[in-house]
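**Q** Below is a structure I'd like to ask you about.
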Amino acid sequence: MNLRPLHDRVIVRRLEEETTSAGGIVIPDNAKEKPSRGEVLAVGNGKPLDSGEVRAVDVKVGDKVLFGKYAGTEVKADGEELLVLREDDIMAVIEG
């Protein structure tokens with residue numbers, strides 16, 4: 001991947017959601033929503049503050065994260081669909 005995010009932006013690859021419901025029903029591709037979970041592939045240097053300092057981003061490469069349904073901008077790189085998010089668009093890091 002040849003993308004380097006700037007400032008507090010993060011590049012995320014969406015993780016596939018389960019295709020079977022809790023009751024065992026297989027969900028067809030056209031009925032599925034886009035996943036709101038992803039894996040962080042690249043992280044910018046941080047958010048520039050008014051004081052001139054840079055606040056580091058709280059997530060790191062490899063983290064699994066949750067983000068809003070309509071968050072970020074979709075981009076295609078090396079034939080892969082990726083998402084460019086601001087750190088503020090990330091709601092949580094999935095641990096464990």
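Ordering of the structure tokens sets the chain letters (A, B, ...); residue numbers start at 1 within each chain; ligands are numbered from 1 in the order shown.
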Quick one: residues within 12 Å of region 89-92 of chain A, only C-alpha atoms, excluding same-chain residues fewer than 3 positions away - as a list in words?
**A**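 That gives Asp8, Arg9, Val10, Ile11, Val12, Ser36, Arg37, Gly38, Glu39, Val40, Val57, Asp58, Val59, Asp63, Lys64, Val65, Leu66, Phe67, Gly68, Lys69, Tyr70, Ala71, Gly72, Thr73, Leu83, Val84, Leu85, Arg86 and Glu95 of chain A.
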**Q** For the selection just defined, write its residues with C-alpha atoms to a file, as a PDB file, in the first residue's frame.
**A**
ATOM      1  CA  ASP A   8      -4.896  12.581  12.661  1.00  0.00           C
ATOM      2  CA  ARG A   9      -6.145  10.427   9.792  1.00  0.00           C
ATOM      3  CA  VAL A  10      -6.126   6.636   9.867  1.00  0.00           C
ATOM      4  CA  ILE A  11      -6.401   4.121   7.001  1.00  0.00           C
ATOM      5  CA  VAL A  12      -8.634   1.157   7.787  1.00  0.00           C
ATOM      6  CA  SER A  36     -18.428  -0.885  10.853  1.00  0.00           C
ATOM      7  CA  ARG A  37     -15.364  -2.762  12.121  1.00  0.00           C
ATOM      8  CA  GLY A  38     -11.940  -2.620  10.625  1.00  0.00           C
ATOM      9  CA  GLU A  39      -8.218  -3.128  11.008  1.00  0.00           C
ATOM     10  CA  VAL A  40      -5.883  -0.130  11.106  1.00  0.00           C
ATOM     11  CA  VAL A  57      -3.003   9.342  17.571  1.00  0.00           C
ATOM     12  CA  ASP A  58      -4.346   6.829  20.135  1.00  0.00           C
ATOM     13  CA  VAL A  59      -4.620   3.899  17.710  1.00  0.00           C
ATOM     14  CA  ASP A  63      -5.646  -2.379  16.034  1.00  0.00           C
ATOM     15  CA  LYS A  64      -9.202  -3.582  15.389  1.00  0.00           C
ATOM     16  CA  VAL A  65     -11.589  -0.614  15.645  1.00  0.00           C
ATOM     17  CA  LEU A  66     -15.269   0.309  15.529  1.00  0.00           C
ATOM     18  CA  PHE A  67     -16.355   3.331  13.516  1.00  0.00           C
ATOM     19  CA  GLY A  68     -19.585   5.036  12.466  1.00  0.00           C
ATOM     20  CA  LYS A  69     -21.677   3.643   9.634  1.00  0.00           C
ATOM     21  CA  TYR A  70     -21.111   6.652   7.360  1.00  0.00           C
ATOM     22  CA  ALA A  71     -17.672   7.668   8.686  1.00  0.00           C
ATOM     23  CA  GLY A  72     -14.667   8.381   6.516  1.00  0.00           C
ATOM     24  CA  THR A  73     -13.915   8.447   2.823  1.00  0.00           C
ATOM     25  CA  LEU A  83     -11.402   3.762   4.358  1.00  0.00           C
ATOM     26  CA  VAL A  84      -9.673   6.986   5.409  1.00  0.00           C
ATOM     27  CA  LEU A  85     -10.992   8.121   8.794  1.00  0.00           C
ATOM     28  CA  ARG A  86     -10.209  10.944  11.170  1.00  0.00           C
ATOM     29  CA  GLU A  95      -9.410  -5.577  22.595  1.00  0.00           C
TER      30      GLU A  95
END
**Q** From the DSSP assignment of the backbone, select every residue of chain A that is strand (DSSP E or B), and format the answer as a count of residues only.
**A** 40
